[in-house]
>>> print(open('work.txt').read())   # compact mmCIF, C-alpha atoms and all ligand atoms
# COMPACT_ATOMS: atom_id res chain seq x y z
CA MET I 1355 -38.28 30.09 -8.92
CA HIS I 1356 -38.09 26.36 -8.71
CA LYS I 1357 -34.69 24.82 -8.83
CA ILE I 1358 -34.73 21.80 -11.08
CA LYS I 1359 -33.05 18.92 -9.27
CA ARG I 1360 -30.95 16.98 -11.71
CA MET I 1361 -31.67 13.23 -11.56
CA SER I 1362 -28.71 10.90 -11.96
CA LYS I 1363 -29.07 8.51 -14.85
CA VAL I 1364 -30.42 5.06 -14.04
CA THR I 1365 -28.52 2.21 -15.64
CA THR I 1366 -30.50 -0.99 -15.91
CA LEU I 1367 -28.82 -4.37 -15.81
CA ASN I 1368 -29.73 -5.07 -19.43
CA GLU I 1369 -28.14 -1.82 -20.55
CA PHE I 1370 -25.06 -2.51 -18.44
CA ILE I 1371 -24.66 -6.01 -19.87
CA LEU I 1372 -24.85 -4.69 -23.43
CA ASP I 1373 -22.49 -1.76 -22.72
CA ASN I 1374 -19.88 -4.10 -21.27
CA GLN I 1375 -20.26 -6.94 -23.72
CA ALA I 1376 -17.03 -5.99 -25.49
CA ASP I 1377 -15.01 -6.57 -22.28
CA PHE I 1378 -15.81 -10.23 -22.42
CA PRO I 1379 -13.10 -12.40 -24.04
CA PHE I 1380 -15.53 -14.09 -26.44
CA ALA I 1381 -17.55 -10.97 -27.28
CA THR I 1382 -20.37 -12.57 -29.15
CA GLY I 1383 -23.46 -11.63 -27.20
CA GLU I 1384 -24.06 -15.21 -26.09
CA LEU I 1385 -22.95 -14.59 -22.54
CA SER I 1386 -25.10 -11.47 -22.46
CA ARG I 1387 -28.09 -13.59 -23.38
CA ILE I 1388 -27.34 -16.09 -20.59
CA LEU I 1389 -27.06 -13.26 -18.07
CA ASN I 1390 -30.34 -11.95 -19.36
CA ASP I 1391 -31.97 -15.37 -18.89
CA ILE I 1392 -30.66 -15.38 -15.32
CA THR I 1393 -32.16 -11.96 -14.58
CA VAL I 1394 -35.56 -13.05 -15.87
CA ALA I 1395 -35.52 -16.29 -13.85
CA SER I 1396 -34.35 -14.47 -10.74
CA LYS I 1397 -37.19 -11.93 -11.00
CA ILE I 1398 -39.65 -14.82 -11.11
CA VAL I 1399 -37.98 -16.53 -8.14
CA SER I 1400 -37.89 -13.21 -6.27
CA ARG I 1401 -41.64 -12.88 -6.75
CA ASP I 1402 -42.17 -16.46 -5.51
CA VAL I 1403 -39.92 -15.86 -2.49
CA ARG I 1404 -41.93 -12.76 -1.60
CA LYS I 1405 -45.10 -14.90 -1.62
CA ALA I 1406 -43.62 -17.78 0.39
CA GLY I 1407 -45.18 -16.81 3.74
CA LEU I 1408 -48.59 -16.48 2.12
CA VAL I 1409 -48.29 -19.86 0.50
CA ASP I 1410 -47.27 -21.54 3.74
CA HIS I 1411 -49.69 -19.95 6.15
CA ILE I 1412 -52.70 -18.81 4.17
CA LEU I 1413 -52.86 -20.67 0.88
CA GLY I 1414 -51.55 -24.02 2.24
CA ALA I 1415 -48.08 -25.33 3.07
CA GLN I 1416 -45.53 -26.16 0.42
CA GLY I 1417 -45.36 -29.90 -0.09
CA GLU I 1418 -49.18 -30.12 0.26
CA THR I 1419 -51.85 -30.14 -2.39
CA ASN I 1420 -53.44 -26.72 -2.97
CA ILE I 1421 -57.12 -25.97 -3.50
CA GLN I 1422 -56.83 -26.44 -7.25
CA GLY I 1423 -55.51 -29.93 -6.58
CA GLU I 1424 -51.99 -28.97 -7.72
CA ASP I 1425 -48.98 -29.97 -5.67
CA GLN I 1426 -47.31 -27.01 -3.98
CA GLN I 1427 -43.65 -27.55 -4.43
CA LYS I 1428 -40.84 -26.62 -2.12
CA LEU I 1429 -39.35 -23.28 -3.04
CA ASP I 1430 -35.91 -24.71 -3.76
CA VAL I 1431 -37.44 -27.09 -6.30
CA VAL I 1432 -39.52 -24.25 -7.81
CA ALA I 1433 -36.38 -22.12 -8.15
CA ASP I 1434 -34.42 -25.01 -9.61
CA GLN I 1435 -37.05 -25.60 -12.29
CA GLN I 1436 -37.32 -21.92 -13.08
CA PHE I 1437 -33.58 -21.59 -13.77
CA ILE I 1438 -33.40 -24.87 -15.71
CA LYS I 1439 -36.28 -23.75 -17.90
CA ALA I 1440 -34.60 -20.41 -18.61
CA PHE I 1441 -31.34 -22.10 -19.65
CA GLU I 1442 -32.98 -24.89 -21.62
CA ASN I 1443 -35.01 -22.47 -23.73
CA GLY I 1444 -32.27 -19.85 -24.05
CA GLY I 1445 -30.23 -21.68 -26.70
CA GLU I 1446 -26.76 -20.74 -25.37
CA VAL I 1447 -26.46 -23.41 -22.66
CA CYS I 1448 -25.90 -27.09 -23.49
CA GLY I 1449 -26.25 -28.40 -19.95
CA ILE I 1450 -26.49 -27.58 -16.28
CA ALA I 1451 -25.64 -29.00 -12.89
CA SER I 1452 -27.45 -27.93 -9.76
CA GLU I 1453 -27.41 -28.71 -6.09
CA GLU I 1454 -30.98 -30.01 -6.37
CA ASN I 1455 -30.20 -32.70 -8.96
CA ASP I 1456 -28.13 -35.84 -8.30
CA ASP I 1457 -26.73 -35.82 -11.81
CA PHE I 1458 -26.03 -33.07 -14.34
CA VAL I 1459 -28.58 -32.42 -17.09
CA ALA I 1460 -27.52 -32.43 -20.76
CA PHE I 1461 -30.18 -30.61 -22.81
CA THR I 1462 -31.26 -32.72 -25.77
CA SER I 1463 -32.76 -30.23 -28.22
CA GLU I 1464 -30.72 -29.51 -31.35
CA SER I 1465 -30.45 -25.83 -30.52
CA ALA I 1466 -29.25 -26.51 -26.96
CA LYS I 1467 -26.59 -28.88 -28.26
CA GLN I 1468 -25.21 -25.92 -30.22
CA GLY I 1469 -24.82 -24.01 -26.95
CA LYS I 1470 -21.25 -23.21 -25.95
CA TYR I 1471 -21.78 -22.85 -22.21
CA VAL I 1472 -22.73 -24.77 -19.08
CA VAL I 1473 -24.18 -23.22 -15.93
CA LEU I 1474 -23.73 -24.63 -12.41
CA PHE I 1475 -25.92 -23.28 -9.66
CA ASP I 1476 -27.42 -23.42 -6.20
CA PRO I 1477 -31.02 -22.38 -6.93
CA LEU I 1478 -31.85 -21.50 -3.32
CA ASP I 1479 -29.11 -21.05 -0.81
CA GLY I 1480 -29.96 -20.84 2.88
CA SER I 1481 -33.14 -22.85 2.41
CA SER I 1482 -33.51 -23.46 6.16
CA ASN I 1483 -34.22 -19.72 6.37
CA ILE I 1484 -37.22 -19.78 3.99
CA ASP I 1485 -39.72 -20.77 6.68
CA VAL I 1486 -38.56 -18.04 9.06
CA ASN I 1487 -38.55 -15.10 6.63
CA VAL I 1488 -34.79 -14.59 6.63
CA SER I 1489 -32.68 -13.69 3.57
CA ILE I 1490 -31.88 -16.42 1.03
CA GLY I 1491 -30.11 -16.43 -2.33
CA THR I 1492 -29.21 -18.02 -5.66
CA ILE I 1493 -25.60 -18.63 -6.73
CA PHE I 1494 -24.45 -19.31 -10.32
CA SER I 1495 -21.31 -20.05 -12.26
CA ILE I 1496 -20.83 -20.08 -16.06
CA TYR I 1497 -18.17 -22.04 -18.00
CA ARG I 1498 -17.36 -22.59 -21.69
CA ARG I 1499 -17.98 -26.22 -22.52
CA VAL I 1500 -14.89 -28.37 -23.21
CA SER I 1501 -16.80 -30.98 -25.24
CA GLU I 1502 -17.53 -30.49 -28.90
CA VAL I 1503 -20.27 -28.05 -29.91
CA GLY I 1504 -23.26 -29.89 -31.41
CA THR I 1505 -22.99 -32.87 -29.04
CA LEU I 1506 -24.48 -33.55 -25.60
CA ALA I 1507 -22.86 -31.86 -22.60
CA THR I 1508 -20.55 -34.14 -20.61
CA LEU I 1509 -19.39 -34.51 -17.03
CA GLU I 1510 -16.04 -32.98 -18.04
CA ASP I 1511 -17.87 -29.77 -18.97
CA MET I 1512 -19.06 -29.57 -15.37
CA LEU I 1513 -15.85 -30.57 -13.58
CA GLN I 1514 -13.69 -27.58 -14.52
CA PRO I 1515 -11.56 -25.68 -12.00
CA GLY I 1516 -12.94 -22.35 -10.78
CA THR I 1517 -10.21 -20.51 -12.70
CA ALA I 1518 -12.06 -21.49 -15.90
CA GLN I 1519 -15.25 -19.60 -14.93
CA VAL I 1520 -16.23 -16.95 -17.47
CA ALA I 1521 -18.84 -15.37 -15.21
CA ALA I 1522 -20.33 -15.91 -11.78
CA GLY I 1523 -22.83 -14.19 -9.57
CA TYR I 1524 -25.45 -14.34 -6.90
CA VAL I 1525 -28.93 -13.05 -6.27
CA LEU I 1526 -29.81 -12.05 -2.73
CA TYR I 1527 -33.50 -12.09 -1.78
CA GLY I 1528 -33.07 -9.77 1.18
CA SER I 1529 -34.92 -6.64 2.26
CA SER I 1530 -34.37 -5.82 -1.41
CA THR I 1531 -33.50 -8.24 -4.18
CA MET I 1532 -30.00 -7.72 -5.52
CA LEU I 1533 -28.00 -9.31 -8.32
CA VAL I 1534 -24.21 -9.15 -8.12
CA TYR I 1535 -21.97 -10.58 -10.84
CA THR I 1536 -18.56 -10.61 -12.44
CA THR I 1537 -17.23 -11.53 -15.87
CA GLY I 1538 -13.66 -11.17 -14.65
CA LYS I 1539 -13.57 -7.37 -14.95
CA GLY I 1540 -14.53 -6.37 -11.45
CA VAL I 1541 -17.82 -6.84 -9.65
CA ASN I 1542 -21.05 -4.87 -10.04
CA GLY I 1543 -24.26 -4.97 -8.02
CA PHE I 1544 -27.82 -4.22 -9.12
CA THR I 1545 -30.92 -3.69 -6.99
CA LEU I 1546 -34.35 -4.74 -8.21
CA ASP I 1547 -36.77 -1.83 -8.31
CA PRO I 1548 -40.04 -3.73 -7.84
CA SER I 1549 -42.13 -0.83 -9.12
CA ILE I 1550 -40.58 -1.05 -12.60
CA GLY I 1551 -39.38 -4.66 -12.46
CA GLU I 1552 -35.81 -3.74 -13.42
CA PHE I 1553 -32.47 -4.40 -11.80
CA CYS I 1554 -30.71 -1.00 -11.58
CA LEU I 1555 -26.99 -0.43 -11.09
CA SER I 1556 -26.65 0.46 -7.40
CA HIS I 1557 -23.19 -0.85 -6.45
CA PRO I 1558 -20.73 -0.12 -9.29
CA ASN I 1559 -17.23 -1.62 -9.05
CA MET I 1560 -17.66 -3.31 -5.66
CA ARG I 1561 -14.50 -3.71 -3.57
CA MET I 1562 -14.23 -5.85 -0.48
CA PRO I 1563 -12.45 -3.99 2.35
CA GLU I 1564 -8.99 -5.50 3.02
CA SER I 1565 -9.86 -6.09 6.63
CA GLY I 1566 -12.96 -5.90 8.78
CA ARG I 1567 -14.33 -6.70 12.19
CA ILE I 1568 -17.09 -9.19 11.46
CA TYR I 1569 -16.63 -12.95 11.60
CA ALA I 1570 -19.29 -15.44 10.54
CA MET I 1571 -19.20 -19.09 11.44
CA ASN I 1572 -21.44 -21.66 13.09
CA GLU I 1573 -19.66 -21.58 16.44
CA GLY I 1574 -21.76 -24.49 17.67
CA ASN I 1575 -19.18 -26.57 15.79
CA ILE I 1576 -16.14 -25.07 17.49
CA ASP I 1577 -15.17 -28.20 19.46
CA ILE I 1578 -15.33 -30.43 16.39
CA CYS I 1579 -13.01 -28.16 14.35
CA GLU I 1580 -9.22 -28.23 14.18
CA PRO I 1581 -7.49 -26.21 16.95
CA GLY I 1582 -6.51 -23.27 14.70
CA ILE I 1583 -10.19 -22.37 14.29
CA LYS I 1584 -10.67 -21.94 18.02
CA ALA I 1585 -7.44 -19.94 18.14
CA TYR I 1586 -8.87 -17.63 15.44
CA THR I 1587 -12.24 -17.11 17.16
CA GLN I 1588 -10.36 -16.32 20.39
CA TYR I 1589 -8.31 -13.79 18.41
CA CYS I 1590 -11.56 -12.28 17.08
CA GLN I 1591 -12.93 -12.02 20.61
CA SER I 1592 -9.80 -10.53 22.14
CA PHE I 1593 -8.66 -6.97 22.90
CA ASP I 1594 -5.22 -7.95 21.58
CA ASN I 1595 -6.30 -8.36 17.95
CA ASP I 1596 -5.50 -5.95 15.07
CA LYS I 1597 -8.48 -3.76 15.98
CA GLY I 1598 -7.73 -3.64 19.71
CA ALA I 1599 -11.30 -4.68 20.53
CA PRO I 1600 -13.51 -7.75 20.02
CA TYR I 1601 -15.01 -8.23 16.55
CA SER I 1602 -18.73 -8.78 16.02
CA GLY I 1603 -19.97 -12.30 15.43
CA ARG I 1604 -22.71 -12.42 12.76
CA TYR I 1605 -24.09 -15.65 11.31
CA ILE I 1606 -27.21 -15.61 9.17
CA GLY I 1607 -26.82 -19.19 7.97
CA SER I 1608 -27.37 -18.16 4.34
CA LEU I 1609 -23.96 -18.07 2.75
CA VAL I 1610 -25.05 -15.51 0.14
CA ALA I 1611 -26.32 -13.11 2.79
CA ASP I 1612 -23.31 -13.55 5.08
CA PHE I 1613 -20.97 -13.11 2.12
CA HIS I 1614 -22.78 -10.06 0.77
CA ARG I 1615 -22.63 -8.28 4.13
CA ASN I 1616 -18.91 -9.04 4.37
CA MET I 1617 -18.36 -7.78 0.80
CA ILE I 1618 -19.73 -4.42 1.82
CA LYS I 1619 -18.57 -4.06 5.41
CA GLY I 1620 -15.46 -6.25 5.44
CA GLY I 1621 -15.45 -9.58 7.21
CA ILE I 1622 -14.81 -13.29 6.98
CA TYR I 1623 -17.06 -16.33 6.52
CA ILE I 1624 -15.75 -19.67 7.73
CA TYR I 1625 -17.13 -23.18 7.18
CA PRO I 1626 -14.27 -25.53 8.03
CA ASP I 1627 -14.12 -29.31 7.95
CA THR I 1628 -15.33 -30.84 11.20
CA THR I 1629 -15.12 -34.32 12.66
CA THR I 1630 -18.75 -34.87 11.57
CA SER I 1631 -18.31 -33.28 8.08
CA PRO I 1632 -14.69 -34.15 7.25
CA GLU I 1633 -14.87 -32.41 3.84
CA GLY I 1634 -16.71 -29.36 5.13
CA ARG I 1635 -20.31 -28.59 4.27
CA LEU I 1636 -20.33 -26.25 1.29
CA ARG I 1637 -20.26 -27.45 -2.29
CA LEU I 1638 -17.29 -26.53 -4.43
CA LEU I 1639 -19.14 -26.19 -7.74
CA TYR I 1640 -22.37 -24.47 -6.75
CA GLU I 1641 -21.33 -22.32 -3.80
CA CYS I 1642 -17.58 -22.03 -3.26
CA ASN I 1643 -16.24 -21.42 -6.78
CA PRO I 1644 -18.69 -18.70 -7.87
CA LEU I 1645 -18.31 -16.70 -4.66
CA ALA I 1646 -14.53 -17.22 -4.72
CA PHE I 1647 -14.41 -15.69 -8.23
CA ILE I 1648 -16.41 -12.70 -7.02
CA ALA I 1649 -14.34 -12.32 -3.84
CA GLU I 1650 -11.07 -12.31 -5.78
CA GLN I 1651 -12.45 -9.88 -8.35
CA ALA I 1652 -13.35 -7.55 -5.47
CA GLY I 1653 -9.93 -7.81 -3.81
CA GLY I 1654 -10.82 -10.56 -1.30
CA LEU I 1655 -9.62 -14.13 -0.87
CA ALA I 1656 -11.18 -17.61 -0.80
CA THR I 1657 -9.28 -20.70 0.35
CA THR I 1658 -9.77 -24.10 1.94
CA GLY I 1659 -7.69 -22.77 4.82
CA ARG I 1660 -4.61 -24.11 3.07
CA LYS I 1661 -5.01 -23.53 -0.67
CA ARG I 1662 -6.82 -21.37 -3.20
CA ILE I 1663 -10.38 -22.53 -3.95
CA LEU I 1664 -10.24 -21.60 -7.66
CA ASP I 1665 -7.23 -23.89 -8.27
CA ILE I 1666 -9.00 -27.08 -7.14
CA LYS I 1667 -9.65 -29.58 -9.92
CA PRO I 1668 -13.12 -30.94 -9.08
CA GLU I 1669 -13.53 -34.71 -8.92
CA ARG I 1670 -17.25 -34.98 -8.22
CA LEU I 1671 -20.32 -32.86 -8.92
CA HIS I 1672 -21.37 -32.54 -5.31
CA GLN I 1673 -17.86 -32.29 -3.87
CA ARG I 1674 -17.61 -30.35 -0.61
CA VAL I 1675 -14.64 -28.33 0.62
CA PRO I 1676 -13.67 -26.40 3.76
CA TYR I 1677 -14.28 -22.72 3.06
CA PHE I 1678 -12.65 -19.49 4.26
CA ILE I 1679 -13.77 -16.45 2.29
CA GLY I 1680 -13.72 -12.71 2.79
CA SER I 1681 -11.43 -9.78 3.44
CA LYS I 1682 -7.87 -10.57 2.41
CA ASN I 1683 -6.12 -9.83 5.73
CA MET I 1684 -8.66 -11.82 7.73
CA VAL I 1685 -8.40 -14.92 5.54
CA GLU I 1686 -4.59 -14.69 5.70
CA LYS I 1687 -4.72 -14.40 9.49
CA VAL I 1688 -6.83 -17.51 10.02
CA MET I 1689 -4.67 -19.45 7.53
CA SER I 1690 -1.53 -18.58 9.51
CA LEU I 1691 -3.17 -19.83 12.72
CA LEU I 1692 -4.21 -23.09 11.05
CA ILE I 1693 -0.59 -23.73 10.12
CA GLU I 1694 0.67 -22.69 13.56
CA HIS I 1695 -1.73 -25.00 15.42
CA GLY I 1696 -1.65 -27.95 13.00
CA LYS I 1697 -4.34 -30.56 12.30
P1 LIG I 1701 -28.34 -24.75 1.22
O1 LIG I 1701 -29.53 -24.10 1.85
O2 LIG I 1701 -28.20 -24.42 -0.24
O3 LIG I 1701 -28.27 -26.23 1.48
O4 LIG I 1701 -27.01 -24.12 1.85
C1 LIG I 1701 -26.90 -23.87 3.23
C2 LIG I 1701 -25.45 -23.59 3.56
C3 LIG I 1701 -25.10 -22.12 3.66
O5 LIG I 1701 -25.91 -21.24 2.99
C4 LIG I 1701 -25.09 -21.84 5.13
O6 LIG I 1701 -24.19 -20.84 5.45
C5 LIG I 1701 -24.73 -23.15 5.73
O7 LIG I 1701 -25.16 -24.13 4.82
C6 LIG I 1701 -25.39 -23.33 7.06
O8 LIG I 1701 -24.96 -24.50 7.62
P2 LIG I 1701 -25.14 -24.80 9.21
O9 LIG I 1701 -26.60 -24.86 9.47
O10 LIG I 1701 -24.43 -26.11 9.40
O11 LIG I 1701 -24.45 -23.67 9.95
MN MN I 1702 -26.39 -23.41 -0.51
MN MN I 1703 -29.57 -24.78 -1.95
>>> encode(input="work.txt", output="structure tokens", more="lines below")
Ligand code: AHG
Ligand code: MN
Ligand code: MN
Amino acid sequence: MHKIKRMSKVTTLNEFILDNQADFPFATGELSRILNDITVASKIVSRDVRKAGLVDHILGAQGETNIQGEDQQKLDVVADQQFIKAFENGGEVCGIASEENDDFVAFTSESAKQGKYVVLFDPLDGSSNIDVNVSIGTIFSIYRRVSEVGTLATLEDMLQPGTAQVAAGYVLYGSSTMLVYTTGKGVNGFTLDPSIGEFCLSHPNMRMPESGRIYAMNEGNIDICEPGIKAYTQYCQSFDNDKGAPYSGRYIGSLVADFHRNMIKGGIYIYPDTTTSPEGRLRLLYECNPLAFIAEQAGGLATTGRKRILDIKPERLHQRVPYFIGSKNMVEKVMSLLIEHGK
């Protein structure tokens, strides 16, 4: 006799979004539609990312003209356009700001002006890794507009503190494509099954371990950082740390990928201010705030080394901040060393 193996039920992202719609403070279905637009755009970008090597080495390099006489665009521009198109046509979003555009974009159609939300995003994070076939990502952040519905989106809509986010997430184009997001009720992760083209719930209720033994920073910068950073890396490398053995250093150079690994295994990602980048490198609105929201929702922490990222009132669209994000105990440890060693 054959034993029938019971299959566990597959929950697709669309199903999950609908099932959890009621958790959202403004349960109207609009946010669900934006999340749905994001999943469609990210599937398209995922497909393009998977073809990137072919485009560069067989079909002609990006930035060149292809055989049909069309310009091959850089993947970060392709991704940017894909997401903008999804939001512009979706009808829920009145404007966007993205790392790839100097200014924010206020959508001008009548239906877009009725949209209640703005989306801020980094269309392709870790773009220096595209050419070498290493993981890259997309990061997004959704806010309610503060300007009047029916008018054009304004700069004030974009410059809200991270605490005002209603949802945030990232897509990781890694060995699999994953989408991880929060609406302020915990964090859930979905893996794209390429054979059916659906994101399926694979990481329900993600929690970041309170401590870990992985640290990620560009240590080439160590001598241009404040002294507390060196003190922390020495702590990581010592036998006298909380683990009684040196941690592992891991730096992919794609924030999304480094962050995602730390979410699962426990760890810290550091990009401090340096003498050459006195404000740090990462952008508050497109990178730091969305991942900070996710980290906190998963039990982690995100600070500038001195204060909470989500409390910062942004002054400029492309503002940069020093960034310390990851397992709670690790972020607290480095913060205490920064204070001890001073600027
Ligand atoms: P982007 O590709 O969107 O410009 O972001 C790159 C960011 C981040 O993903 C990465 O961790 C960091 O910059 C790498 O910077 P360094 O090369 O200075 O280490
Ligand atoms: Mn980036
Ligand atoms: Mn980018």
>>> closest_atom_pairs(input="work.txt", of="segment 1412-1527 of chain I", to="segment 1654-1663 of chain I", cutoff="12 Å", atoms="only C-alpha atoms", output="tab-separated table")
residue	atom	partner	partner_atom	distance
I:Pro1515	CA	I:Ile1663	CA	8.7
I:Gly1516	CA	I:Ile1663	CA	7.3
I:Thr1517	CA	I:Ile1663	CA	9.0
>>> write_last_selection(input="work.txt", atoms="C-alpha atoms", output="PDB file, keeping the file's coordinate frame")
ATOM      1  CA  PRO I1515     -11.560 -25.680 -12.000  1.00  0.00           C
ATOM      2  CA  GLY I1516     -12.940 -22.350 -10.780  1.00  0.00           C
ATOM      3  CA  THR I1517     -10.210 -20.510 -12.700  1.00  0.00           C
TER       4      THR I1517
END
>>> atom_distance(input="work.txt", atom1="atom C3 of ligand LIG 1701 (chain I)", atom2="atom CA of Thr1630 of chain I")
16.3 Å
>>> residues_around(input="work.txt", residues="Cys1590 of chain I", least_positions_apart="4", cutoff="12 Å", atoms="only C-alpha atoms", output="ChimeraX atom specification")
/I:1566-1571,1583-1586,1594-1604,1621-1622,1684,1687-1688
>>> residues_near_ligand(input="work.txt", ligand="ligand LIG 1701 (chain I)", cutoff="10 Å", atoms="all atoms listed in the file", output="PyMOL selection string")
chain I and resi 1430+1453-1454+1475-1484+1490-1493+1570-1575+1605-1613+1623-1625+1631+1634-1637+1640-1641
>>> closest_residue(input="work.txt", among="I:Ile1618, I:Leu1533, I:Met1562, I:Val1447", to="Gly1504 of chain I", atoms="only C-alpha atoms")
I:Val1447
>>> closest_residue(input="work.txt", among="I:Ile1576, I:Ala1433, I:Ala1460, I:Met1617", to="ligand MN 1703 (chain I)", atoms="only C-alpha atoms and all ligand atoms")
I:Ala1433
>>> atom_distance(input="work.txt", atom1="atom CA of Asn1455 of chain I", atom2="atom CA of Val1500 of chain I")
21.4 Å
>>> closest_residue(input="work.txt", among="I:Gly1653, I:Leu1389, I:Lys1359, I:Thr1462", to="Leu1372 of chain I", atoms="all atoms listed in the file")
I:Leu1389
>>> closest_residue(input="work.txt", among="I:His1614, I:Lys1682, I:Lys1397, I:Lys1470", to="Tyr1535 of chain I", atoms="only C-alpha atoms")
I:His1614
>>> closest_residue(input="work.txt", among="I:Arg1401, I:His1695, I:Pro1563, I:Ala1521", to="Asn1683 of chain I", atoms="all atoms listed in the file")
I:Pro1563
>>> residues_around(input="work.txt", residues="Val1541 of chain I", least_positions_apart="4", cutoff="8 Å", atoms="only C-alpha atoms", output="PyMOL selection string")
chain I and resi 1534-1537+1558-1561+1648+1651-1652
>>> residues_around(input="work.txt", residues="Lys1439 of chain I", least_positions_apart="3", cutoff="12 Å", atoms="all atoms listed in the file", output="MDAnalysis selection string")
chainID I and resid 1391:1392 1394:1396 1398 1432:1436 1442:1445 1447 1449:1450 1459 1461 1466
>>> axis_aligned_box(input="work.txt", around="segment 1634-1639 of chain I", padding_each_side="4 Å", output="AutoDock Vina command-line options")
--center_x -18.5 --center_y -27.8 --center_z -1.3 --size_x 11.6 --size_y 11.2 --size_z 20.9
>>> atom_distance(input="work.txt", atom1="atom CA of Ala1649 of chain I", atom2="atom CA of Ala1440 of chain I")
26.3 Å
>>> closest_residue(input="work.txt", among="I:Pro1668, I:Pro1626, I:Pro1548, I:Pro1644", to="ligand MN 1702 (chain I)", atoms="only C-alpha atoms and all ligand atoms")
I:Pro1644
>>> residues_around(input="work.txt", residues="Lys1467 of chain I", least_positions_apart="3", cutoff="6 Å", atoms="all atoms listed in the file", output="compact mmCIF listing (two decimals) with C-alpha atoms, keeping the file's coordinate frame")
# COMPACT_ATOMS: atom_id res chain seq x y z
CA CYS I 1448 -25.90 -27.09 -23.49
CA GLU I 1464 -30.72 -29.51 -31.35
CA GLY I 1504 -23.26 -29.89 -31.41
CA THR I 1505 -22.99 -32.87 -29.04
CA LEU I 1506 -24.48 -33.55 -25.60
>>> residues_around(input="work.txt", residues="Gly1383 of chain I", least_positions_apart="2", cutoff="12 Å", atoms="all atoms listed in the file", output="list in words")
Asn1368, Ile1371, Leu1372, Asp1373, Asn1374, Gln1375, Ala1376, Asp1377, Phe1378, Pro1379, Phe1380, Ala1381, Leu1385, Ser1386, Arg1387, Ile1388, Leu1389, Asn1390, Glu1446 and Lys1470 of chain I
>>> residues_near_point(input="work.txt", point="(-20.5, -24.9, -21.2)", cutoff="6 Å", atoms="all atoms listed in the file", output="list in words")
Lys1470, Tyr1471, Val1472, Tyr1497, Arg1498, Arg1499 and Asp1511 of chain I
